[in-house]
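S.K.: upload-v9.csv is reproduced below (CSV, N, CA and C atoms).
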```csv
chain,number,residue,atom,x,y,z
C,1,MET,N,120.0,15.1,-7.2
C,1,MET,CA,120.0,13.7,-7.3
C,1,MET,C,118.6,13.2,-7.1
C,2,ASP,N,118.2,12.2,-8.0
C,2,ASP,CA,116.8,11.7,-7.9
C,2,ASP,C,116.8,10.4,-7.1
C,3,ARG,N,116.1,10.5,-5.9
C,3,ARG,CA,116.1,9.4,-5.0
C,3,ARG,C,114.7,8.8,-5.0
C,4,GLY,N,113.9,9.1,-6.0
C,4,GLY,CA,112.5,8.6,-6.1
C,4,GLY,C,112.4,7.1,-6.0
C,5,PRO,N,113.2,6.3,-6.8
C,5,PRO,CA,113.1,4.9,-6.7
C,5,PRO,C,113.5,4.3,-5.3
C,6,GLU,N,114.4,5.0,-4.6
C,6,GLU,CA,114.8,4.6,-3.3
C,6,GLU,C,113.7,4.8,-2.3
C,7,PHE,N,113.1,6.0,-2.4
C,7,PHE,CA,111.9,6.3,-1.5
C,7,PHE,C,110.8,5.4,-1.8
C,8,GLN,N,110.5,5.0,-3.0
C,8,GLN,CA,109.4,4.1,-3.4
C,8,GLN,C,109.7,2.8,-2.8
C,9,GLN,N,110.9,2.3,-2.9
C,9,GLN,CA,111.2,1.0,-2.3
C,9,GLN,C,111.0,1.0,-0.8
C,10,GLU,N,111.4,2.0,-0.1
C,10,GLU,CA,111.2,2.2,1.3
C,10,GLU,C,109.8,2.2,1.7
C,11,ALA,N,108.9,2.8,0.9
C,11,ALA,CA,107.5,2.9,1.1
C,11,ALA,C,106.9,1.5,1.0
C,12,PHE,N,107.4,0.7,0.0
C,12,PHE,CA,106.9,-0.6,-0.1
C,12,PHE,C,107.2,-1.5,1.1
C,13,ILE,N,108.4,-1.3,1.6
C,13,ILE,CA,108.9,-2.1,2.7
C,13,ILE,C,108.0,-1.7,4.0
C,14,LEU,N,107.8,-0.4,4.2
C,14,LEU,CA,106.9,0.0,5.3
C,14,LEU,C,105.5,-0.5,5.2
C,15,ARG,N,105.0,-0.5,4.0
C,15,ARG,CA,103.6,-1.1,3.7
C,15,ARG,C,103.6,-2.5,4.1
C,16,ASP,N,104.6,-3.3,3.7
C,16,ASP,CA,104.6,-4.7,4.1
C,16,ASP,C,104.8,-4.9,5.6
C,17,MET,N,105.6,-4.1,6.2
C,17,MET,CA,105.8,-4.2,7.6
C,17,MET,C,104.5,-3.9,8.4
C,18,ARG,N,103.7,-2.9,7.9
C,18,ARG,CA,102.4,-2.6,8.5
C,18,ARG,C,101.4,-3.8,8.4
C,19,LYS,N,101.4,-4.4,7.2
C,19,LYS,CA,100.6,-5.6,6.9
C,19,LYS,C,100.9,-6.7,7.9
C,20,HIS,N,102.2,-7.0,8.1
C,20,HIS,CA,102.7,-8.1,8.9
C,20,HIS,C,102.4,-7.7,10.4
C,21,TYR,N,102.4,-6.5,10.8
C,21,TYR,CA,102.1,-6.1,12.2
C,21,TYR,C,100.6,-6.3,12.4
C,22,VAL,N,99.8,-5.9,11.5
C,22,VAL,CA,98.3,-6.1,11.6
C,22,VAL,C,98.0,-7.6,11.7
C,23,LEU,N,98.7,-8.4,10.9
C,23,LEU,CA,98.5,-9.9,10.9
C,23,LEU,C,98.9,-10.5,12.2
C,24,PHE,N,100.1,-10.0,12.7
C,24,PHE,CA,100.6,-10.5,14.0
C,24,PHE,C,99.6,-10.2,15.1
C,25,ASN,N,99.0,-9.0,15.1
C,25,ASN,CA,98.1,-8.7,16.2
C,25,ASN,C,96.8,-9.5,16.0
C,26,LYS,N,96.4,-9.8,14.8
C,26,LYS,CA,95.2,-10.7,14.7
C,26,LYS,C,95.5,-12.1,15.2
C,27,GLN,N,96.7,-12.5,15.0
C,27,GLN,CA,97.1,-13.9,15.4
C,27,GLN,C,97.1,-14.0,16.9
C,28,LEU,N,97.3,-12.9,17.6
C,28,LEU,CA,97.2,-13.0,19.1
C,28,LEU,C,95.9,-13.5,19.5
C,29,GLY,N,94.8,-13.4,18.7
C,29,GLY,CA,93.5,-13.8,19.0
C,29,GLY,C,93.4,-15.3,19.2
C,30,ILE,N,94.4,-16.1,18.6
C,30,ILE,CA,94.3,-17.5,18.8
C,30,ILE,C,94.8,-18.0,20.2
C,31,LEU,N,95.4,-17.1,20.9
C,31,LEU,CA,95.8,-17.4,22.3
C,31,LEU,C,94.7,-17.3,23.3
C,32,SER,N,94.8,-18.1,24.3
C,32,SER,CA,93.8,-17.9,25.4
C,32,SER,C,94.1,-16.6,26.1
C,33,ASN,N,93.2,-16.1,26.9
C,33,ASN,CA,93.3,-14.8,27.6
C,33,ASN,C,94.6,-14.8,28.4
C,34,ASP,N,94.8,-15.9,29.1
C,34,ASP,CA,96.0,-16.1,30.0
C,34,ASP,C,97.3,-16.0,29.1
C,35,GLU,N,97.3,-16.8,28.0
C,35,GLU,CA,98.5,-16.8,27.2
C,35,GLU,C,98.8,-15.4,26.6
C,36,ASN,N,97.7,-14.7,26.2
C,36,ASN,CA,97.8,-13.4,25.6
C,36,ASN,C,98.4,-12.4,26.5
C,37,LYS,N,97.9,-12.4,27.8
C,37,LYS,CA,98.5,-11.5,28.8
C,37,LYS,C,99.9,-11.8,29.1
C,38,PHE,N,100.2,-13.1,29.2
C,38,PHE,CA,101.6,-13.5,29.5
C,38,PHE,C,102.5,-13.1,28.4
C,39,PHE,N,102.2,-13.4,27.2
C,39,PHE,CA,103.0,-13.0,26.0
C,39,PHE,C,103.2,-11.5,25.8
C,40,LEU,N,102.1,-10.8,26.0
C,40,LEU,CA,102.2,-9.3,25.8
C,40,LEU,C,103.0,-8.6,26.9
C,41,ARG,N,102.9,-9.1,28.1
C,41,ARG,CA,103.7,-8.6,29.2
C,41,ARG,C,105.2,-8.8,28.9
C,42,TYR,N,105.5,-10.0,28.3
C,42,TYR,CA,106.9,-10.3,28.0
C,42,TYR,C,107.4,-9.5,26.8
C,43,LEU,N,106.6,-9.4,25.8
C,43,LEU,CA,107.0,-8.6,24.6
C,43,LEU,C,107.2,-7.2,24.9
C,44,SER,N,106.3,-6.6,25.7
C,44,SER,CA,106.4,-5.2,26.0
C,44,SER,C,107.4,-4.9,27.0
C,45,LYS,N,108.1,-5.9,27.5
C,45,LYS,CA,109.1,-5.8,28.6
C,45,LYS,C,108.5,-5.2,29.9
C,46,GLU,N,107.2,-5.4,30.0
C,46,GLU,CA,106.5,-5.0,31.2
C,46,GLU,C,107.0,-5.8,32.4
C,47,GLN,N,107.3,-7.1,32.1
C,47,GLN,CA,107.8,-8.1,33.1
C,47,GLN,C,108.8,-9.0,32.4
C,48,ASN,N,109.8,-9.4,33.2
C,48,ASN,CA,110.8,-10.3,32.6
C,48,ASN,C,110.2,-11.7,32.9
C,49,LEU,N,110.9,-12.7,32.4
C,49,LEU,CA,110.5,-14.1,32.6
C,49,LEU,C,110.3,-14.5,34.0
C,50,GLY,N,111.3,-14.1,34.8
C,50,GLY,CA,111.2,-14.4,36.3
C,50,GLY,C,110.0,-13.8,36.9
C,51,ASP,N,109.7,-12.6,36.6
C,51,ASP,CA,108.5,-11.9,37.2
C,51,ASP,C,107.2,-12.6,36.7
C,52,LEU,N,107.2,-13.0,35.4
C,52,LEU,CA,106.0,-13.7,34.9
C,52,LEU,C,105.8,-15.0,35.6
C,53,ALA,N,106.9,-15.7,35.9
C,53,ALA,CA,106.8,-17.0,36.5
C,53,ALA,C,106.3,-16.8,38.0
C,54,ASP,N,106.8,-15.8,38.7
C,54,ASP,CA,106.3,-15.5,40.0
C,54,ASP,C,104.9,-15.2,40.0
C,55,ALA,N,104.4,-14.3,39.1
C,55,ALA,CA,103.0,-13.9,39.0
C,55,ALA,C,102.1,-15.1,38.7
C,56,ALA,N,102.6,-16.0,37.9
C,56,ALA,CA,101.8,-17.2,37.5
C,56,ALA,C,101.9,-18.3,38.6
C,57,GLY,N,102.8,-18.2,39.5
C,57,GLY,CA,103.0,-19.2,40.5
C,57,GLY,C,103.7,-20.5,39.9
C,58,ILE,N,104.5,-20.3,38.9
C,58,ILE,CA,105.2,-21.5,38.3
C,58,ILE,C,106.7,-21.3,38.3
C,59,GLN,N,107.4,-22.3,38.1
C,59,GLN,CA,108.9,-22.3,38.0
C,59,GLN,C,109.4,-21.5,36.8
C,60,TYR,N,110.6,-20.9,36.9
C,60,TYR,CA,111.2,-20.2,35.8
C,60,TYR,C,111.2,-21.0,34.5
C,61,GLU,N,111.6,-22.2,34.7
C,61,GLU,CA,111.7,-23.1,33.5
C,61,GLU,C,110.4,-23.4,32.9
C,62,SER,N,109.4,-23.5,33.7
C,62,SER,CA,108.0,-23.7,33.2
C,62,SER,C,107.5,-22.4,32.4
C,63,ALA,N,107.9,-21.3,32.9
C,63,ALA,CA,107.5,-20.0,32.3
C,63,ALA,C,108.2,-19.9,30.9
C,64,GLY,N,109.5,-20.4,30.9
C,64,GLY,CA,110.2,-20.4,29.6
C,64,GLY,C,109.6,-21.3,28.6
C,65,GLN,N,109.1,-22.5,29.1
C,65,GLN,CA,108.5,-23.5,28.2
C,65,GLN,C,107.1,-22.9,27.7
C,66,LYS,N,106.4,-22.3,28.6
C,66,LYS,CA,105.1,-21.7,28.2
C,66,LYS,C,105.3,-20.6,27.1
C,67,LEU,N,106.4,-19.8,27.3
C,67,LEU,CA,106.7,-18.7,26.3
C,67,LEU,C,107.1,-19.4,25.0
C,68,ARG,N,107.9,-20.4,25.0
C,68,ARG,CA,108.2,-21.1,23.7
C,68,ARG,C,107.0,-21.7,23.0
C,69,ARG,N,106.1,-22.3,23.8
C,69,ARG,CA,104.9,-22.8,23.2
C,69,ARG,C,104.0,-21.7,22.5
C,70,ILE,N,103.9,-20.6,23.2
C,70,ILE,CA,103.2,-19.5,22.7
C,70,ILE,C,103.8,-19.0,21.4
C,71,LYS,N,105.1,-18.8,21.4
C,71,LYS,CA,105.8,-18.3,20.2
C,71,LYS,C,105.7,-19.3,19.1
C,72,LYS,N,105.7,-20.6,19.3
C,72,LYS,CA,105.6,-21.5,18.3
C,72,LYS,C,104.2,-21.5,17.7
C,73,LYS,N,103.2,-21.4,18.5
C,73,LYS,CA,101.8,-21.3,18.1
C,73,LYS,C,101.6,-20.1,17.2
C,74,ILE,N,102.1,-18.9,17.6
C,74,ILE,CA,102.0,-17.7,16.8
C,74,ILE,C,102.8,-17.9,15.5
C,75,LYS,N,104.0,-18.4,15.5
C,75,LYS,CA,104.8,-18.6,14.4
C,75,LYS,C,104.2,-19.5,13.3
C,76,ILE,N,103.6,-20.6,13.8
C,76,ILE,CA,102.9,-21.5,12.8
C,76,ILE,C,101.8,-20.8,12.1
C,77,GLN,N,101.0,-20.1,12.9
C,77,GLN,CA,99.8,-19.3,12.3
C,77,GLN,C,100.3,-18.3,11.3
C,78,MET,N,101.3,-17.5,11.7
C,78,MET,CA,101.8,-16.4,10.8
C,78,MET,C,102.4,-17.0,9.5
C,79,ILE,N,103.2,-18.1,9.6
C,79,ILE,CA,103.7,-18.7,8.4
C,79,ILE,C,102.6,-19.2,7.5
C,80,GLY,N,101.6,-19.8,8.1
C,80,GLY,CA,100.5,-20.3,7.4
C,80,GLY,C,99.8,-19.2,6.6
C,81,PHE,N,99.6,-18.1,7.3
C,81,PHE,CA,98.9,-17.0,6.6
C,81,PHE,C,99.8,-16.4,5.5
C,82,LEU,N,101.0,-16.2,5.8
C,82,LEU,CA,101.9,-15.6,4.9
C,82,LEU,C,102.1,-16.4,3.6
C,83,ASP,N,102.1,-17.8,3.8
C,83,ASP,CA,102.2,-18.7,2.7
C,83,ASP,C,100.9,-18.9,2.0
C,84,GLY,N,99.8,-18.4,2.5
C,84,GLY,CA,98.5,-18.6,1.9
C,84,GLY,C,97.9,-19.9,2.2
C,85,GLN,N,98.4,-20.6,3.2
C,85,GLN,CA,97.9,-22.0,3.5
C,85,GLN,C,96.6,-21.9,4.4
C,86,ILE,N,96.5,-20.8,5.2
C,86,ILE,CA,95.3,-20.7,6.1
C,86,ILE,C,94.4,-19.6,5.6
```
Please express the file's structure as C-alpha coordinates.
M.R.:
Amino acid sequence: MDRGPEFQQEAFILRDMRKHYVLFNKQLGILSNDENKFFLRYLSKEQNLGDLADAAGIQYESAGQKLRRIKKKIKIQMIGFLDGQI
(Lines of atoms letter the chains of each structure in order from A and count residues from 1; the text may use other names and numbers.)
(Lines give C-alpha, C1' and ligand atoms only; values in the text may rest on other atoms or scores of the structure.)
Protein backbone atom coordinates (compact mmCIF):
# COMPACT_ATOMS: atom_id res chain seq x y z
CA MET A 1 0.00 0.00 0.00
CA ASP A 2 1.34 3.44 -0.98
CA ARG A 3 1.07 5.83 1.94
CA GLY A 4 3.30 8.51 0.42
CA PRO A 5 0.60 11.19 0.14
CA GLU A 6 -0.47 10.54 3.74
CA PHE A 7 3.11 10.89 5.02
CA GLN A 8 3.61 14.00 2.91
CA GLN A 9 0.50 15.61 4.43
CA GLU A 10 1.73 14.76 7.94
CA ALA A 11 5.12 16.29 7.13
CA PHE A 12 3.42 19.52 6.01
CA ILE A 13 1.41 19.62 9.24
CA LEU A 14 4.55 19.12 11.34
CA ARG A 15 6.36 21.85 9.42
CA ASP A 16 3.52 24.28 10.08
CA MET A 17 3.43 23.31 13.75
CA ARG A 18 7.16 24.04 14.05
CA LYS A 19 6.68 27.44 12.41
CA HIS A 20 3.87 28.30 14.82
CA TYR A 21 5.96 27.13 17.80
CA VAL A 22 8.88 29.34 16.75
CA LEU A 23 6.50 32.27 16.21
CA PHE A 24 4.92 31.71 19.64
CA ASN A 25 8.32 31.71 21.32
CA LYS A 26 9.22 34.95 19.55
CA GLN A 27 5.98 36.52 20.73
CA LEU A 28 6.96 35.85 24.32
CA GLY A 29 9.45 38.68 23.79
CA ILE A 30 6.61 41.23 23.89
CA LEU A 31 6.00 40.36 27.53
CA SER A 32 7.77 42.06 30.38
CA ASN A 33 10.27 39.91 32.25
CA ASP A 34 7.77 39.46 35.09
CA GLU A 35 4.94 38.50 32.73
CA ASN A 36 7.20 36.10 30.84
CA LYS A 37 8.26 34.24 34.00
CA PHE A 38 4.68 34.17 35.29
CA PHE A 39 3.32 32.81 32.01
CA LEU A 40 6.05 30.23 31.43
CA ARG A 41 5.77 28.87 34.96
CA TYR A 42 2.05 28.41 34.38
CA LEU A 43 2.44 26.87 30.90
CA SER A 44 5.13 24.44 32.01
CA LYS A 45 2.96 23.47 35.00
CA GLU A 46 5.89 24.37 37.23
CA GLN A 47 3.38 26.25 39.39
CA ASN A 48 -0.38 26.36 39.48
CA LEU A 49 -2.32 29.61 39.62
CA GLY A 50 -2.55 29.56 43.41
CA ASP A 51 1.20 29.12 43.77
CA LEU A 52 1.84 31.92 41.27
CA ALA A 53 -0.49 34.21 43.19
CA ASP A 54 1.27 33.43 46.47
CA ALA A 55 4.72 33.98 44.93
CA ALA A 56 3.63 37.33 43.46
CA GLY A 57 1.87 38.38 46.68
CA ILE A 58 -1.46 38.86 44.93
CA GLN A 59 -4.93 37.38 45.26
CA TYR A 60 -5.87 34.27 43.27
CA GLU A 61 -8.41 36.27 41.24
CA SER A 62 -5.77 38.88 40.40
CA ALA A 63 -3.41 36.13 39.23
CA GLY A 64 -6.19 34.79 37.00
CA GLN A 65 -6.75 38.26 35.53
CA LYS A 66 -3.03 38.69 34.95
CA LEU A 67 -2.89 35.34 33.15
CA ARG A 68 -5.88 36.27 30.97
CA ARG A 69 -4.26 39.61 30.03
CA ILE A 70 -1.02 37.84 29.09
CA LYS A 71 -2.86 35.25 27.00
CA LYS A 72 -4.83 37.97 25.23
CA LYS A 73 -1.66 39.95 24.47
CA ILE A 74 0.04 36.87 23.00
CA LYS A 75 -3.09 35.84 21.07
CA ILE A 76 -3.49 39.27 19.46
CA GLN A 77 0.17 39.28 18.38
CA MET A 78 0.01 35.70 17.06
CA ILE A 79 -3.15 36.32 15.05
CA GLY A 80 -1.69 39.52 13.64
CA PHE A 81 1.44 37.72 12.47
CA LEU A 82 -0.44 34.71 11.10
CA ASP A 83 -2.81 37.00 9.20
CA GLY A 84 0.13 39.03 7.90
CA GLN A 85 -1.05 42.24 9.55
CA ILE A 86 2.08 42.76 11.68
S.K.: Could you state the separation of atom N of Val22 (chain C) and CA of Leu49 (chain C) in Å, given to one decimal place?
M.R.: 25.0 Å
S.K.: If you measure from CA of Ser32 (chain C) to CA of Ile70 (chain C), what distance in Å do you get, rounded to one decimal?
M.R.: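 Computing it gives 9.9 Å between the two atoms.
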S.K.: When DSSP works through the backbone of this structure, what residues of chain C end up as alpha helix (DSSP H), shown as a PyMOL selection string?
M.R.: chain C and resi 4-27+33-43+49-56+60-82
S.K.: Quote the spacing between CA of Lys45 (chain C) and CA of Ile58 (chain C) in Å to one decimal place.
M.R.: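 Atom-to-atom, CA of Lys45 (chain C) to CA of Ile58 (chain C), that is 18.9 Å.
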S.K.: Given only C-alpha atoms as the basis, pick out the residue of C:Lys19, C:Phe38, C:Gln65, C:Gly84 nearest to Leu52 (chain C).
M.R.: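 With only C-alpha atoms as the atom set, the closest residue is C:Phe38.
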